[in-house]
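Here is the file final-v8.txt (compact mmCIF, N, CA and C atoms).
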# COMPACT_ATOMS: atom_id res chain seq x y z
N SER A 221 15.22 -3.13 -9.29
CA SER A 221 14.89 -4.44 -9.83
C SER A 221 14.17 -4.29 -11.16
N LEU A 222 14.34 -5.24 -12.01
CA LEU A 222 13.66 -5.25 -13.29
C LEU A 222 12.24 -5.78 -13.12
N LEU A 223 11.35 -5.24 -13.89
CA LEU A 223 9.93 -5.59 -13.79
C LEU A 223 9.71 -7.09 -13.99
N HIS A 224 10.35 -7.67 -15.00
CA HIS A 224 10.11 -9.10 -15.26
C HIS A 224 10.62 -9.97 -14.12
N GLU A 225 11.69 -9.55 -13.45
CA GLU A 225 12.20 -10.32 -12.30
C GLU A 225 11.22 -10.28 -11.14
N ILE A 226 10.67 -9.10 -10.87
CA ILE A 226 9.70 -8.96 -9.79
C ILE A 226 8.44 -9.76 -10.11
N ALA A 227 7.98 -9.66 -11.35
CA ALA A 227 6.78 -10.39 -11.77
C ALA A 227 6.98 -11.90 -11.59
N ARG A 228 8.14 -12.39 -12.00
CA ARG A 228 8.44 -13.82 -11.86
C ARG A 228 8.51 -14.22 -10.38
N ASP A 229 9.24 -13.45 -9.59
CA ASP A 229 9.42 -13.78 -8.17
C ASP A 229 8.10 -13.75 -7.39
N GLN A 230 7.21 -12.84 -7.77
CA GLN A 230 5.95 -12.69 -7.04
C GLN A 230 4.77 -13.39 -7.72
N ASP A 231 5.04 -14.04 -8.86
CA ASP A 231 4.02 -14.76 -9.62
C ASP A 231 2.84 -13.84 -9.97
N ILE A 232 3.18 -12.68 -10.54
CA ILE A 232 2.20 -11.67 -10.96
C ILE A 232 2.40 -11.43 -12.45
N PRO A 233 1.32 -11.34 -13.23
CA PRO A 233 1.49 -11.02 -14.66
C PRO A 233 2.24 -9.69 -14.83
N GLU A 234 3.20 -9.67 -15.74
CA GLU A 234 4.03 -8.49 -15.92
C GLU A 234 3.23 -7.26 -16.32
N THR A 235 2.19 -7.43 -17.13
CA THR A 235 1.38 -6.27 -17.54
C THR A 235 0.63 -5.67 -16.35
N TYR A 236 0.15 -6.53 -15.45
CA TYR A 236 -0.53 -6.05 -14.24
C TYR A 236 0.46 -5.33 -13.33
N LEU A 237 1.65 -5.91 -13.17
CA LEU A 237 2.67 -5.30 -12.33
C LEU A 237 3.12 -3.95 -12.90
N ALA A 238 3.18 -3.85 -14.23
CA ALA A 238 3.56 -2.58 -14.87
C ALA A 238 2.57 -1.49 -14.51
N LYS A 239 1.28 -1.82 -14.47
CA LYS A 239 0.25 -0.85 -14.09
C LYS A 239 0.42 -0.43 -12.63
N ILE A 240 0.72 -1.39 -11.76
CA ILE A 240 0.95 -1.08 -10.35
C ILE A 240 2.14 -0.13 -10.20
N PHE A 241 3.23 -0.44 -10.89
CA PHE A 241 4.42 0.42 -10.80
C PHE A 241 4.16 1.80 -11.40
N GLN A 242 3.32 1.86 -12.42
CA GLN A 242 2.96 3.16 -13.00
C GLN A 242 2.23 4.01 -11.95
N ASP A 243 1.29 3.41 -11.24
CA ASP A 243 0.55 4.13 -10.19
C ASP A 243 1.47 4.52 -9.05
N LEU A 244 2.38 3.63 -8.65
CA LEU A 244 3.31 3.94 -7.56
C LEU A 244 4.28 5.05 -7.97
N THR A 245 4.67 5.07 -9.24
CA THR A 245 5.55 6.13 -9.75
C THR A 245 4.81 7.45 -9.77
N LYS A 246 3.57 7.43 -10.23
CA LYS A 246 2.76 8.65 -10.28
C LYS A 246 2.55 9.23 -8.88
N ALA A 247 2.46 8.37 -7.87
CA ALA A 247 2.27 8.80 -6.49
C ALA A 247 3.57 9.26 -5.85
N GLY A 248 4.70 9.08 -6.54
CA GLY A 248 5.98 9.51 -6.00
C GLY A 248 6.60 8.54 -5.02
N LEU A 249 6.14 7.29 -5.03
CA LEU A 249 6.68 6.29 -4.11
C LEU A 249 7.80 5.47 -4.74
N VAL A 250 7.79 5.39 -6.08
CA VAL A 250 8.76 4.60 -6.82
C VAL A 250 9.33 5.47 -7.94
N ARG A 251 10.58 5.20 -8.29
CA ARG A 251 11.22 5.87 -9.41
C ARG A 251 11.63 4.82 -10.43
N SER A 252 11.45 5.14 -11.69
CA SER A 252 11.87 4.19 -12.74
C SER A 252 13.14 4.72 -13.41
N HIS A 253 13.98 3.78 -13.84
CA HIS A 253 15.23 4.10 -14.53
C HIS A 253 15.24 3.34 -15.84
N ARG A 254 15.44 4.05 -16.93
CA ARG A 254 15.49 3.41 -18.25
C ARG A 254 16.91 3.00 -18.58
N GLY A 255 17.02 2.20 -19.61
CA GLY A 255 18.34 1.82 -20.11
C GLY A 255 18.73 0.41 -19.73
N ALA A 256 19.96 0.05 -20.09
CA ALA A 256 20.46 -1.31 -19.88
C ALA A 256 20.46 -1.68 -18.40
N LYS A 257 20.75 -0.75 -17.55
CA LYS A 257 20.75 -1.01 -16.11
C LYS A 257 19.50 -0.42 -15.45
N GLY A 258 18.44 -0.32 -16.23
CA GLY A 258 17.19 0.27 -15.75
C GLY A 258 16.44 -0.63 -14.80
N GLY A 259 15.40 -0.10 -14.24
CA GLY A 259 14.57 -0.84 -13.30
C GLY A 259 13.80 0.12 -12.43
N PHE A 260 13.51 -0.31 -11.24
CA PHE A 260 12.74 0.50 -10.31
C PHE A 260 13.43 0.55 -8.96
N CYS A 261 13.23 1.66 -8.26
CA CYS A 261 13.71 1.78 -6.90
C CYS A 261 12.73 2.66 -6.13
N LEU A 262 12.79 2.61 -4.82
CA LEU A 262 11.95 3.47 -4.01
C LEU A 262 12.36 4.92 -4.21
N ALA A 263 11.40 5.81 -4.23
CA ALA A 263 11.68 7.23 -4.43
C ALA A 263 12.12 7.91 -3.14
N LYS A 264 11.88 7.25 -2.01
CA LYS A 264 12.33 7.76 -0.72
C LYS A 264 12.60 6.57 0.18
N PRO A 265 13.20 6.78 1.33
CA PRO A 265 13.53 5.65 2.19
C PRO A 265 12.30 4.82 2.57
N ALA A 266 12.52 3.51 2.71
CA ALA A 266 11.44 2.59 3.08
C ALA A 266 10.81 2.96 4.41
N SER A 267 11.57 3.62 5.27
CA SER A 267 11.05 4.05 6.58
C SER A 267 10.06 5.21 6.45
N GLU A 268 9.99 5.82 5.27
CA GLU A 268 9.10 6.97 5.05
C GLU A 268 7.89 6.62 4.17
N ILE A 269 7.79 5.38 3.75
CA ILE A 269 6.66 4.96 2.91
C ILE A 269 5.78 4.03 3.74
N THR A 270 4.51 4.41 3.89
CA THR A 270 3.60 3.61 4.70
C THR A 270 2.71 2.73 3.83
N LEU A 271 2.16 1.71 4.45
CA LEU A 271 1.24 0.83 3.73
C LEU A 271 0.02 1.61 3.28
N ARG A 272 -0.41 2.57 4.08
CA ARG A 272 -1.54 3.41 3.67
C ARG A 272 -1.23 4.16 2.38
N GLN A 273 -0.03 4.72 2.26
CA GLN A 273 0.34 5.43 1.04
C GLN A 273 0.30 4.50 -0.17
N VAL A 274 0.79 3.30 0.01
CA VAL A 274 0.81 2.33 -1.09
C VAL A 274 -0.62 1.99 -1.50
N ILE A 275 -1.46 1.64 -0.54
CA ILE A 275 -2.84 1.26 -0.84
C ILE A 275 -3.58 2.41 -1.51
N GLU A 276 -3.46 3.61 -0.95
CA GLU A 276 -4.20 4.75 -1.51
C GLU A 276 -3.67 5.16 -2.87
N SER A 277 -2.39 4.93 -3.16
CA SER A 277 -1.88 5.26 -4.49
C SER A 277 -2.44 4.30 -5.54
N LEU A 278 -2.82 3.10 -5.11
CA LEU A 278 -3.37 2.11 -6.04
C LEU A 278 -4.89 2.12 -6.10
N GLN A 279 -5.56 2.44 -4.97
CA GLN A 279 -7.01 2.30 -4.90
C GLN A 279 -7.75 3.58 -4.57
N GLY A 280 -7.07 4.64 -4.21
CA GLY A 280 -7.72 5.87 -3.78
C GLY A 280 -7.92 5.87 -2.28
N PRO A 281 -8.56 6.92 -1.76
CA PRO A 281 -8.75 7.04 -0.31
C PRO A 281 -9.47 5.83 0.29
N ILE A 282 -9.00 5.41 1.44
CA ILE A 282 -9.59 4.26 2.13
C ILE A 282 -10.81 4.71 2.92
N SER A 283 -11.91 4.00 2.74
CA SER A 283 -13.09 4.27 3.55
C SER A 283 -13.83 2.97 3.79
N LEU A 284 -14.22 2.76 5.05
CA LEU A 284 -14.93 1.54 5.41
C LEU A 284 -16.36 1.52 4.89
N ASN A 285 -16.90 2.71 4.63
CA ASN A 285 -18.27 2.80 4.16
C ASN A 285 -18.39 4.06 3.30
N LYS A 286 -19.36 4.08 2.43
CA LYS A 286 -19.56 5.22 1.53
C LYS A 286 -19.70 6.53 2.30
N CYS A 287 -20.31 6.47 3.47
CA CYS A 287 -20.53 7.70 4.23
C CYS A 287 -19.23 8.28 4.78
N LEU A 288 -18.15 7.51 4.77
CA LEU A 288 -16.86 7.98 5.26
C LEU A 288 -15.92 8.40 4.13
N ASP A 289 -16.32 8.17 2.91
CA ASP A 289 -15.51 8.50 1.75
C ASP A 289 -15.41 10.02 1.63
N ILE A 290 -14.18 10.54 1.62
CA ILE A 290 -14.00 11.99 1.56
C ILE A 290 -14.51 12.58 0.24
N ARG A 291 -14.74 11.72 -0.75
CA ARG A 291 -15.25 12.20 -2.05
C ARG A 291 -16.77 12.26 -2.07
N GLU A 292 -17.39 11.74 -1.03
CA GLU A 292 -18.85 11.73 -0.94
C GLU A 292 -19.29 12.71 0.16
N GLU A 293 -20.57 13.01 0.19
CA GLU A 293 -21.10 13.85 1.25
C GLU A 293 -22.25 13.12 1.92
N CYS A 294 -22.18 13.00 3.23
CA CYS A 294 -23.21 12.29 3.98
C CYS A 294 -24.00 13.30 4.80
N SER A 295 -25.30 13.29 4.65
CA SER A 295 -26.14 14.26 5.37
C SER A 295 -26.48 13.80 6.79
N HIS A 296 -26.05 12.60 7.17
CA HIS A 296 -26.37 12.06 8.49
C HIS A 296 -25.18 12.04 9.45
N VAL A 297 -24.14 12.76 9.11
CA VAL A 297 -22.90 12.74 9.90
C VAL A 297 -23.16 13.00 11.38
N ASN A 298 -23.98 13.96 11.70
CA ASN A 298 -24.19 14.36 13.11
C ASN A 298 -25.35 13.63 13.78
N THR A 299 -26.03 12.75 13.07
CA THR A 299 -27.22 12.11 13.66
C THR A 299 -27.20 10.59 13.54
N CYS A 300 -26.07 10.02 13.17
CA CYS A 300 -26.02 8.58 12.92
C CYS A 300 -24.96 7.93 13.80
N ALA A 301 -25.42 7.07 14.70
CA ALA A 301 -24.50 6.37 15.60
C ALA A 301 -23.60 5.41 14.82
N VAL A 302 -24.11 4.81 13.75
CA VAL A 302 -23.30 3.89 12.94
C VAL A 302 -22.15 4.66 12.29
N HIS A 303 -22.44 5.86 11.80
CA HIS A 303 -21.41 6.68 11.18
C HIS A 303 -20.28 6.94 12.17
N ASN A 304 -20.62 7.32 13.39
CA ASN A 304 -19.60 7.60 14.40
C ASN A 304 -18.77 6.36 14.72
N LEU A 305 -19.43 5.21 14.83
CA LEU A 305 -18.72 3.96 15.10
C LEU A 305 -17.77 3.61 13.95
N LEU A 306 -18.25 3.71 12.73
CA LEU A 306 -17.42 3.42 11.56
C LEU A 306 -16.27 4.41 11.44
N ARG A 307 -16.51 5.68 11.77
CA ARG A 307 -15.45 6.69 11.72
C ARG A 307 -14.32 6.33 12.69
N LYS A 308 -14.71 5.90 13.90
CA LYS A 308 -13.70 5.50 14.89
C LYS A 308 -12.92 4.28 14.41
N ALA A 309 -13.62 3.32 13.84
CA ALA A 309 -12.95 2.12 13.31
C ALA A 309 -12.01 2.50 12.17
N GLN A 310 -12.44 3.40 11.31
CA GLN A 310 -11.60 3.83 10.20
C GLN A 310 -10.37 4.56 10.71
N GLU A 311 -10.53 5.40 11.71
CA GLU A 311 -9.38 6.11 12.28
C GLU A 311 -8.35 5.11 12.82
N GLN A 312 -8.81 4.05 13.46
CA GLN A 312 -7.90 3.02 13.98
C GLN A 312 -7.20 2.28 12.84
N LEU A 313 -7.96 1.95 11.80
CA LEU A 313 -7.39 1.27 10.64
C LEU A 313 -6.32 2.14 9.99
N LEU A 314 -6.63 3.41 9.76
CA LEU A 314 -5.68 4.30 9.11
C LEU A 314 -4.43 4.50 9.96
N ALA A 315 -4.60 4.59 11.27
CA ALA A 315 -3.44 4.73 12.16
C ALA A 315 -2.55 3.49 12.08
N THR A 316 -3.17 2.32 12.00
CA THR A 316 -2.41 1.07 11.87
C THR A 316 -1.65 1.04 10.55
N LEU A 317 -2.31 1.42 9.46
CA LEU A 317 -1.66 1.43 8.15
C LEU A 317 -0.58 2.49 8.06
N ASP A 318 -0.77 3.62 8.75
CA ASP A 318 0.24 4.68 8.77
C ASP A 318 1.48 4.25 9.55
N ALA A 319 1.30 3.40 10.55
CA ALA A 319 2.42 2.94 11.38
C ALA A 319 3.22 1.84 10.68
N ALA A 320 2.64 1.22 9.68
CA ALA A 320 3.30 0.11 8.98
C ALA A 320 4.10 0.66 7.80
N THR A 321 5.39 0.87 8.02
CA THR A 321 6.24 1.34 6.94
C THR A 321 6.77 0.15 6.15
N LEU A 322 7.24 0.42 4.94
CA LEU A 322 7.82 -0.66 4.14
C LEU A 322 9.04 -1.25 4.85
N GLU A 323 9.78 -0.43 5.57
CA GLU A 323 10.94 -0.93 6.30
C GLU A 323 10.52 -1.96 7.35
N VAL A 324 9.50 -1.61 8.14
CA VAL A 324 9.01 -2.52 9.19
C VAL A 324 8.43 -3.78 8.57
N LEU A 325 7.65 -3.65 7.51
CA LEU A 325 7.05 -4.81 6.85
C LEU A 325 8.11 -5.72 6.25
N ALA A 326 9.15 -5.14 5.67
CA ALA A 326 10.23 -5.96 5.11
C ALA A 326 10.96 -6.73 6.21
N GLN A 327 11.22 -6.07 7.33
CA GLN A 327 11.90 -6.73 8.45
C GLN A 327 11.05 -7.87 9.00
N GLU A 328 9.74 -7.62 9.15
CA GLU A 328 8.84 -8.65 9.67
C GLU A 328 8.73 -9.82 8.69
N THR A 329 8.68 -9.54 7.40
CA THR A 329 8.60 -10.59 6.39
C THR A 329 9.86 -11.45 6.41
N LEU A 330 11.01 -10.80 6.50
CA LEU A 330 12.27 -11.54 6.57
C LEU A 330 12.32 -12.42 7.81
N ALA A 331 11.90 -11.88 8.94
CA ALA A 331 11.90 -12.66 10.19
C ALA A 331 10.95 -13.86 10.07
N MET A 332 9.80 -13.66 9.47
CA MET A 332 8.83 -14.74 9.31
C MET A 332 9.40 -15.83 8.39
N ARG A 333 10.05 -15.42 7.31
CA ARG A 333 10.64 -16.39 6.38
C ARG A 333 11.76 -17.18 7.05
N GLN A 334 12.60 -16.49 7.80
CA GLN A 334 13.69 -17.18 8.50
C GLN A 334 13.14 -18.14 9.55
N SER A 335 12.09 -17.72 10.22
CA SER A 335 11.45 -18.58 11.21
C SER A 335 10.83 -19.81 10.54
N GLY A 336 10.22 -19.61 9.39
CA GLY A 336 9.62 -20.72 8.64
C GLY A 336 10.67 -21.68 8.12
N GLU A 337 11.82 -21.15 7.69
CA GLU A 337 12.91 -22.01 7.21
C GLU A 337 13.47 -22.87 8.34
N LYS A 338 13.59 -22.29 9.54
CA LYS A 338 14.10 -23.04 10.68
C LYS A 338 13.14 -24.14 11.08
N ALA A 339 11.84 -23.88 10.94
CA ALA A 339 10.83 -24.87 11.33
C ALA A 339 10.82 -26.05 10.38
N THR A 340 11.22 -25.84 9.11
CA THR A 340 11.17 -26.93 8.12
C THR A 340 12.48 -27.70 8.03
N THR A 341 13.51 -27.21 8.70
CA THR A 341 14.80 -27.93 8.62
C THR A 341 15.04 -28.80 9.82
Could you rewrite the structure in this file as structure tokens?
Amino acid sequence: SLLHEIARDQDIPETYLAKIFQDLTKAGLVRSHRGAKGGFCLAKPASEITLRQVIESLQGPISLNKCLDIREECSHVNTCAVHNLLRKAQEQLLATLDAATLEVLAQETLAMRQSGEKATT
């Protein structure tokens, strides 16, 4: 798809969308094609791209709290009950995001739209 078409369809400024696609390309999730028939496509099957990969390619590693950020070091890891609770919650969140592939999300979105169309007709 062409960038301007996606920007129009999703009501996103084209310059902002270009930055998103640049990050997705850098992460190896999207491929760009130049030329008259240029545009963007997924770099691998939608069944192999997870929502976690997309989020982390745009925002960096996901962490519910600073003490869980892999880029930080927490000296209370072994003595803090809150840390353990947040770690468990983060593990559940990451597992959920890892299970959500673009293929599954696209199918669910299509089903929701079709269901919404039936309800309004």
Enclose all atoms of segment 224-237 of chain A listed in the file in an axis-aligned box, grow every side by 3 Å, and hand back centre and edge lengths in Å to one decimal, as AutoDock Vina command-line options.
--center_x 5.8 --center_y -9.4 --center_z -12.3 --size_x 18.7 --size_y 16.8 --size_z 16.5
Fill in: Straight-line distance linking atom N of Arg307 of chain A with atom C of Asp289 of chain A, stated in Å to one decimal
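These atoms are spaced 11.1 Å apart.
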Item to complete: Mind listing the strand (DSSP E or B) residues of segment 235-286 of chain A, per DSSP on the backbone, as a ChimeraX atom specification?
Response: /A:250-253,259-262,270
Item to complete: Just the residues within 6.5 Å of Ala263 of chain A, please, counting only N, CA and C atoms, with nothing from its chain fewer than 4 positions along; format it as JSON, numbers by chain.
Response: {"A": [248, 249, 250, 251]}
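Atom pair atom CA of Ile290 of chain A / atom N of Gln312 of chain A: separated by 15.2 Å.
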Worksheet item: At what distance in Å, to one decimal, does atom C of Asp229 of chain A lie from atom C of Ala247 of chain A?
Response: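 Between atom C of Ala247 of chain A and atom C of Asp229 of chain A the gap works out to 23.5 Å.
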Fill in: 7 Å contact set for segment 281-288 of chain A, only C-alpha atoms, chain neighbours under 5 positions out, as a count of residues only
6
Discussion item. Taking only C-alpha atoms into account, name the residue in A:Lys246, A:Lys338, A:His224, A:Arg333 that is nearest to Leu278 of chain A.
Written reply: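 Looking only at the distances to Leu278 of chain A, the closest residue turns out to be A:Lys246.
Each of A:Thr299, A:Glu328, A:Thr321, A:Leu223 was checked against Arg272 of chain A using all atoms listed in the file; the smallest atom-to-atom distance is that of A:Thr321.
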Discussion item. Please identify the helix (DSSP H, G or I) residues within chain A (assignment by DSSP from backbone atoms) and present them as a ChimeraX atom specification.
Written reply: /A:223-230,234-246,266-268,271-279,286-288,301-319,322-340
Worksheet item: Could you pull the residues within 9 Å of segment 265-269 of chain A, counting only C-alpha atoms, minus those fewer than 4 positions along the same chain, as a ChimeraX atom specification?
Response: /A:249,273-274,318,320-324,326
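The smallest atom-to-atom distance between Ala319 of chain A and any of A:Ile226, A:Leu305, A:Leu271, A:Cys261, using only C-alpha atoms, is found for A:Leu271.
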Repair of segment 313-324 of chain A at the level of N, CA, C and O atoms, as a PDB file, in the frame of the given file:
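See rebuild11.pdb below for the written result:
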ATOM      1  N   LEU A 313      -7.960   1.950  11.800  1.00  0.00           N
ATOM      2  CA  LEU A 313      -7.390   1.270  10.640  1.00  0.00           C
ATOM      3  C   LEU A 313      -6.320   2.140   9.990  1.00  0.00           C
ATOM      4  O   LEU A 313      -5.208   1.679   9.703  1.00  0.00           O
ATOM      5  N   LEU A 314      -6.630   3.410   9.760  1.00  0.00           N
ATOM      6  CA  LEU A 314      -5.680   4.300   9.110  1.00  0.00           C
ATOM      7  C   LEU A 314      -4.430   4.500   9.960  1.00  0.00           C
ATOM      8  O   LEU A 314      -3.314   4.547   9.438  1.00  0.00           O
ATOM      9  N   ALA A 315      -4.600   4.590  11.270  1.00  0.00           N
ATOM     10  CA  ALA A 315      -3.440   4.730  12.160  1.00  0.00           C
ATOM     11  C   ALA A 315      -2.550   3.490  12.080  1.00  0.00           C
ATOM     12  O   ALA A 315      -1.320   3.583  12.059  1.00  0.00           O
ATOM     13  N   THR A 316      -3.170   2.320  12.000  1.00  0.00           N
ATOM     14  CA  THR A 316      -2.410   1.070  11.870  1.00  0.00           C
ATOM     15  C   THR A 316      -1.650   1.040  10.550  1.00  0.00           C
ATOM     16  O   THR A 316      -0.468   0.678  10.509  1.00  0.00           O
ATOM     17  N   LEU A 317      -2.310   1.420   9.460  1.00  0.00           N
ATOM     18  CA  LEU A 317      -1.660   1.430   8.150  1.00  0.00           C
ATOM     19  C   LEU A 317      -0.580   2.490   8.060  1.00  0.00           C
ATOM     20  O   LEU A 317       0.442   2.303   7.396  1.00  0.00           O
ATOM     21  N   ASP A 318      -0.770   3.620   8.750  1.00  0.00           N
ATOM     22  CA  ASP A 318       0.240   4.680   8.770  1.00  0.00           C
ATOM     23  C   ASP A 318       1.480   4.250   9.550  1.00  0.00           C
ATOM     24  O   ASP A 318       2.593   4.686   9.266  1.00  0.00           O
ATOM     25  N   ALA A 319       1.300   3.400  10.550  1.00  0.00           N
ATOM     26  CA  ALA A 319       2.420   2.940  11.380  1.00  0.00           C
ATOM     27  C   ALA A 319       3.220   1.840  10.680  1.00  0.00           C
ATOM     28  O   ALA A 319       4.360   1.571  11.061  1.00  0.00           O
ATOM     29  N   ALA A 320       2.640   1.220   9.680  1.00  0.00           N
ATOM     30  CA  ALA A 320       3.300   0.110   8.980  1.00  0.00           C
ATOM     31  C   ALA A 320       4.100   0.660   7.800  1.00  0.00           C
ATOM     32  O   ALA A 320       3.565   0.871   6.717  1.00  0.00           O
ATOM     33  N   THR A 321       5.390   0.870   8.020  1.00  0.00           N
ATOM     34  CA  THR A 321       6.240   1.340   6.940  1.00  0.00           C
ATOM     35  C   THR A 321       6.770   0.150   6.150  1.00  0.00           C
ATOM     36  O   THR A 321       6.758  -0.982   6.640  1.00  0.00           O
ATOM     37  N   LEU A 322       7.240   0.420   4.940  1.00  0.00           N
ATOM     38  CA  LEU A 322       7.820  -0.660   4.140  1.00  0.00           C
ATOM     39  C   LEU A 322       9.040  -1.250   4.850  1.00  0.00           C
ATOM     40  O   LEU A 322       9.275  -2.462   4.760  1.00  0.00           O
ATOM     41  N   GLU A 323       9.780  -0.430   5.570  1.00  0.00           N
ATOM     42  CA  GLU A 323      10.940  -0.930   6.300  1.00  0.00           C
ATOM     43  C   GLU A 323      10.520  -1.960   7.350  1.00  0.00           C
ATOM     44  O   GLU A 323      11.071  -3.052   7.428  1.00  0.00           O
ATOM     45  N   VAL A 324       9.500  -1.610   8.140  1.00  0.00           N
ATOM     46  CA  VAL A 324       9.010  -2.520   9.190  1.00  0.00           C
ATOM     47  C   VAL A 324       8.430  -3.780   8.570  1.00  0.00           C
ATOM     48  O   VAL A 324       8.713  -4.902   9.026  1.00  0.00           O
TER      49      VAL A 324
END
